[in-house]
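**Student:** Sharing upload38.tsv here; it has TSV, C-alpha atoms.
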chain	number	residue	atom	x	y	z
A	1	ASP	CA	56.12	-14.68	-62.92
A	2	PRO	CA	55.24	-15.31	-66.60
A	3	PHE	CA	51.55	-15.65	-65.73
A	4	LEU	CA	51.10	-12.27	-64.07
A	5	HIS	CA	52.80	-9.16	-65.31
A	6	SER	CA	52.09	-5.65	-64.10
A	7	LEU	CA	52.80	-2.38	-65.85
A	8	GLN	CA	51.88	0.97	-64.35
A	9	THR	CA	51.90	4.25	-66.18
A	10	ALA	CA	51.09	7.76	-65.02
A	11	SER	CA	49.46	10.67	-66.73
A	12	LYS	CA	51.35	13.76	-67.82
A	13	VAL	CA	51.63	16.76	-65.54
A	14	ARG	CA	49.47	19.52	-66.96
A	15	GLU	CA	47.37	22.45	-65.88
A	16	GLU	CA	43.81	21.38	-65.28
A	17	THR	CA	40.76	23.49	-64.56
A	18	PHE	CA	37.78	21.69	-63.07
A	19	ASP	CA	34.78	22.70	-60.98
A	20	GLY	CA	36.08	26.19	-60.22
A	21	TRP	CA	39.73	25.40	-59.45
A	22	THR	CA	42.90	25.37	-61.53
A	23	LYS	CA	46.15	23.66	-60.65
A	24	VAL	CA	49.10	21.85	-62.17
A	25	GLN	CA	48.84	18.13	-61.51
A	26	ASN	CA	48.95	14.70	-63.09
A	27	SER	CA	46.06	14.64	-65.52
A	28	TRP	CA	45.22	12.47	-68.53
A	29	PHE	CA	42.91	15.15	-69.99
A	30	THR	CA	40.78	18.16	-69.03
A	31	TYR	CA	37.06	17.67	-68.51
A	32	SER	CA	34.58	19.92	-70.30
A	33	GLU	CA	32.08	22.01	-68.39
A	34	GLU	CA	29.32	19.66	-69.65
A	35	GLY	CA	30.37	16.84	-67.34
A	36	ASN	CA	31.79	13.49	-68.44
A	37	LEU	CA	33.22	14.73	-71.72
A	38	ALA	CA	36.77	15.68	-72.60
A	39	LYS	CA	37.24	19.39	-73.22
A	40	ASP	CA	39.79	18.57	-75.92
A	41	PRO	CA	39.25	15.10	-77.45
A	42	GLN	CA	42.77	15.31	-78.91
A	43	GLN	CA	44.19	15.10	-75.35
A	44	VAL	CA	42.35	11.81	-74.84
A	45	GLN	CA	43.46	10.53	-78.25
A	46	GLU	CA	47.12	11.34	-77.52
A	47	GLN	CA	46.99	9.55	-74.18
A	48	LEU	CA	45.18	6.56	-75.68
A	49	GLU	CA	47.87	6.22	-78.36
A	50	ARG	CA	50.56	6.42	-75.69
A	51	VAL	CA	48.94	3.77	-73.48
A	52	GLU	CA	47.97	1.56	-76.42
A	53	SER	CA	51.60	1.49	-77.61
A	54	LEU	CA	52.61	0.31	-74.13
A	55	LEU	CA	49.84	-2.29	-74.24
A	56	LEU	CA	51.05	-3.62	-77.60
A	57	ARG	CA	54.62	-3.91	-76.31
A	58	GLU	CA	53.36	-5.88	-73.30
A	59	VAL	CA	51.27	-8.17	-75.49
A	60	ALA	CA	54.39	-8.97	-77.51
A	61	LYS	CA	56.01	-10.29	-74.30
A	62	LEU	CA	53.13	-12.65	-73.45
A	63	PRO	CA	53.18	-16.37	-74.27
A	64	GLY	CA	51.56	-16.75	-77.66
A	65	ARG	CA	51.05	-12.98	-77.71
A	66	ASP	CA	47.67	-13.69	-76.15
A	67	SER	CA	46.22	-10.31	-75.17
A	68	ARG	CA	43.48	-12.05	-73.18
A	69	ARG	CA	46.16	-12.54	-70.52
A	70	LEU	CA	46.27	-8.76	-70.05
A	71	VAL	CA	44.01	-6.87	-67.64
A	72	VAL	CA	43.76	-3.11	-68.09
A	73	ALA	CA	43.09	-0.97	-65.03
A	74	GLY	CA	42.44	2.70	-64.46
A	75	PHE	CA	42.18	4.93	-61.42
A	76	SER	CA	40.13	8.15	-61.45
A	77	GLN	CA	40.60	9.70	-64.93
A	78	GLY	CA	42.51	6.59	-65.96
A	79	VAL	CA	39.20	4.73	-65.89
A	80	ALA	CA	38.08	6.65	-68.98
A	81	LEU	CA	41.20	5.47	-70.82
A	82	ALA	CA	40.85	1.87	-69.61
A	83	VAL	CA	37.22	1.77	-70.79
A	84	GLU	CA	38.11	3.27	-74.15
A	85	LEU	CA	40.93	0.72	-74.60
A	86	ALA	CA	38.43	-2.04	-73.83
A	87	LEU	CA	36.04	-0.67	-76.41
A	88	ARG	CA	38.83	-0.55	-78.99
A	89	ARG	CA	40.24	-4.01	-78.22
A	90	GLY	CA	36.96	-5.77	-77.45
A	91	ASN	CA	37.00	-9.12	-75.74
A	92	ALA	CA	40.64	-9.56	-76.78
A	93	LEU	CA	41.55	-8.33	-73.27
A	94	GLY	CA	41.50	-10.39	-70.10
A	95	GLY	CA	39.46	-7.79	-68.29
A	96	VAL	CA	39.13	-4.20	-67.14
A	97	ILE	CA	39.37	-2.88	-63.59
A	98	CYS	CA	37.93	0.57	-62.97
A	99	MET	CA	38.66	2.27	-59.65
A	100	ARG	CA	36.93	5.41	-58.46
A	101	GLY	CA	36.30	6.93	-61.87
A	102	SER	CA	33.84	6.79	-64.72
A	103	ALA	CA	33.68	6.29	-68.45
A	104	LEU	CA	33.35	9.28	-70.75
A	105	THR	CA	29.91	9.94	-72.19
A	106	MET	CA	29.46	8.39	-75.64
A	107	THR	CA	26.72	8.54	-78.21
A	108	GLN	CA	25.15	5.34	-79.53
A	109	ALA	CA	26.83	6.01	-82.87
A	110	GLN	CA	30.23	6.09	-81.14
A	111	LEU	CA	29.43	2.85	-79.30
A	112	ASP	CA	28.35	1.15	-82.52
A	113	GLN	CA	31.84	1.76	-83.96
A	114	HIS	CA	33.45	-0.28	-81.19
A	115	ALA	CA	34.17	-3.96	-80.85
A	116	ASP	CA	31.94	-6.59	-79.30
A	117	LEU	CA	32.64	-7.06	-75.60
A	118	ASN	CA	30.95	-10.45	-75.09
A	119	GLY	CA	32.62	-12.17	-72.15
A	120	LEU	CA	34.88	-9.25	-71.20
A	121	ARG	CA	34.98	-9.00	-67.41
A	122	VAL	CA	34.70	-5.45	-66.07
A	123	LEU	CA	35.01	-4.71	-62.36
A	124	ALA	CA	34.16	-1.16	-61.30
A	125	TYR	CA	34.97	-0.32	-57.67
A	126	HIS	CA	33.69	2.98	-56.36
A	127	GLY	CA	33.48	4.98	-53.14
A	128	ARG	CA	30.07	5.87	-51.69
A	129	TRP	CA	31.39	9.29	-50.60
A	130	ASP	CA	33.03	10.19	-53.89
A	131	ARG	CA	32.04	13.77	-54.72
A	132	LEU	CA	34.10	13.97	-57.94
A	133	CYS	CA	32.58	10.85	-59.51
A	134	VAL	CA	29.20	10.42	-57.84
A	135	PRO	CA	28.51	6.66	-57.53
A	136	GLU	CA	25.12	6.73	-59.28
A	137	GLU	CA	26.54	8.66	-62.24
A	138	ALA	CA	29.67	6.53	-62.38
A	139	GLY	CA	27.55	3.35	-62.37
A	140	GLN	CA	25.48	4.65	-65.26
A	141	SER	CA	28.63	5.50	-67.23
A	142	TYR	CA	29.50	1.78	-67.38
A	143	GLU	CA	26.09	0.57	-68.59
A	144	PRO	CA	26.99	0.94	-72.30
A	145	LEU	CA	29.65	-1.72	-71.69
A	146	ARG	CA	26.98	-4.13	-70.48
A	147	GLY	CA	24.99	-3.24	-73.61
A	148	LYS	CA	27.98	-4.32	-75.71
A	149	GLY	CA	28.07	-7.70	-73.92
A	150	ALA	CA	30.56	-7.09	-71.10
A	151	ASP	CA	30.17	-8.94	-67.80
A	152	LEU	CA	29.96	-5.83	-65.59
A	153	ARG	CA	30.24	-5.89	-61.81
A	154	PHE	CA	29.80	-2.52	-60.05
A	155	ILE	CA	30.72	-2.36	-56.35
A	156	VAL	CA	30.20	0.64	-54.07
A	157	ASP	CA	32.40	0.69	-50.97
A	158	ASP	CA	30.65	2.52	-48.12
A	159	THR	CA	33.99	3.52	-46.57
A	160	LEU	CA	35.58	5.33	-49.54
A	161	GLY	CA	35.44	8.74	-51.15
A	162	HIS	CA	37.42	9.62	-54.25
A	163	ALA	CA	40.71	9.66	-52.39
A	164	CYS	CA	42.07	7.53	-49.58
A	165	ALA	CA	44.59	8.20	-46.82
A	166	ARG	CA	44.25	11.94	-46.21
A	167	GLY	CA	43.65	12.83	-49.84
A	168	ARG	CA	46.37	10.80	-51.53
A	169	GLN	CA	45.07	8.66	-54.34
A	170	GLN	CA	46.14	5.16	-53.47
A	171	LEU	CA	44.45	1.81	-53.08
A	172	CYS	CA	42.95	0.86	-49.73
A	173	GLY	CA	42.95	-2.64	-48.21
A	174	GLY	CA	39.41	-3.69	-49.16
A	175	GLU	CA	39.84	-2.26	-52.61
A	176	VAL	CA	43.06	-4.20	-53.21
A	177	GLN	CA	41.33	-7.39	-52.19
A	178	LYS	CA	38.33	-6.85	-54.50
A	179	VAL	CA	40.30	-5.70	-57.52
A	180	SER	CA	42.68	-8.65	-57.15
A	181	GLU	CA	39.88	-11.22	-57.43
A	182	PRO	CA	39.70	-11.13	-61.27
A	183	LEU	CA	43.47	-11.65	-61.46
Turn the structure described in the file into structure tokens.
**Tutor:**
Amino acid sequence: DPFLHSLQTASKVREETFDGWTKVQNSWFTYSEEGNLAKDPQQVQEQLERVESLLLREVAKLPGRDSRRLVVAGFSQGVALAVELALRRGNALGGVICMRGSALTMTQAQLDQHADLNGLRVLAYHGRWDRLCVPEEAGQSYEPLRGKGADLRFIVDDTLGHACARGRQQLCGGEVQKVSEPL
């Protein structure tokens, strides 16, 4: 279908240490001990460059190379990358879908360097029982987007934690329905 195109990418497998545990797993970056910050900002930068190159290749395939036909989504840590891509690209995207994750903490000076988000639709879908990304903190992490003009909708699902289906990170029925609405 030329009107809807989907591209999924996964993070690298790396050793990650977080909240007292260490294991090798898919991970976009390692969190710092201070919370919603990257321990090594270069990890985030490398992943952003990788995903942005994919995004640019996809835009080249779109009719008229109209990047507003492209919706960027992230799950868990991928939310931080999706939000950062939105901040870099501004309202030149069709929207951002954030699932069970949060944006990285930014200073006002960092935010001021980013594009205007007027009219950019952002849907954040979160689980009430999420212990990794507590809903109240996750919700606050998106507020700077609203401050930049984004149309932010934050939904908390009372049936979800951070994972679904016995710990596997996958979309659940209600979540699929809600995140499909902007498409």
**Student:** Could you list, as a PyMOL selection string, every residue within 9 Å of Leu132 in chain A, counting only C-alpha atoms and ignoring same-chain residues fewer than 2 positions away?
**Tutor:** chain A and resi 101+130+134+161-162
**Student:** Expressed in Å to a single decimal, how great is the separation between CA of Val72 in chain A and CA of Ser27 in chain A?
**Tutor:**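 Rounded to one decimal, the two atoms are 18.1 Å apart.
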**Student:** For Met99 in chain A, which residue among A:Val176, A:Ala38, A:Leu85, A:Leu48 is the nearest when counting only C-alpha atoms?
**Tutor:** A:Val176
**Student:** Nearest residue to Gly173 in chain A out of A:Glu52, A:Asp157, A:Asp66, A:Asp112, using only C-alpha atoms?
**Tutor:**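 Nearest candidate to Gly173 in chain A out of A:Glu52, A:Asp157, A:Asp66, A:Asp112: A:Asp157.
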**Student:** If you measure from CA of Pro135 in chain A to CA of Ala82 in chain A, what distance in Å do you get, rounded to one decimal?
**Tutor:** 17.9 Å
**Student:** From the list A:Ala86, A:Leu117, A:Ile97, A:Ala80, which residue is nearest Cys133 in chain A when using all atoms listed in the file?
**Tutor:** A:Ala80
**Student:** Counting all atoms listed in the file, which of A:Arg14, A:Lys39, A:Arg100, A:Arg88 gets nearest to Gly127 in chain A?
**Tutor:** A:Arg100
**Student:** Compile the contact shell of His126 in chain A as a PyMOL selection string: residues with an atom at most 12 Å away, counting all atoms listed in the file, same-chain residues fewer than 6 positions apart removed.
**Tutor:** chain A and resi 74-76+79+97-102+132-139+142+153-164+171-172+174-175+178-179
**Student:** Using the file's own x, y and z axes, what box holds all listed atoms of range 127-135 of chain A with 3 Å on each side, keeping edges along x, y and z, and what are its centre and edge lengths in Å to one decimal, as lines of an AutoDock Vina configuration file?
**Tutor:**
center_x = 31.3
center_y = 9.5
center_z = -55.1
size_x = 11.6
size_y = 15.0
size_z = 14.9
**Student:** Calculate how many Å separate CA of Gly149 in chain A from CA of Leu56 in chain A, rounding to one decimal.
**Tutor:** 23.6 Å
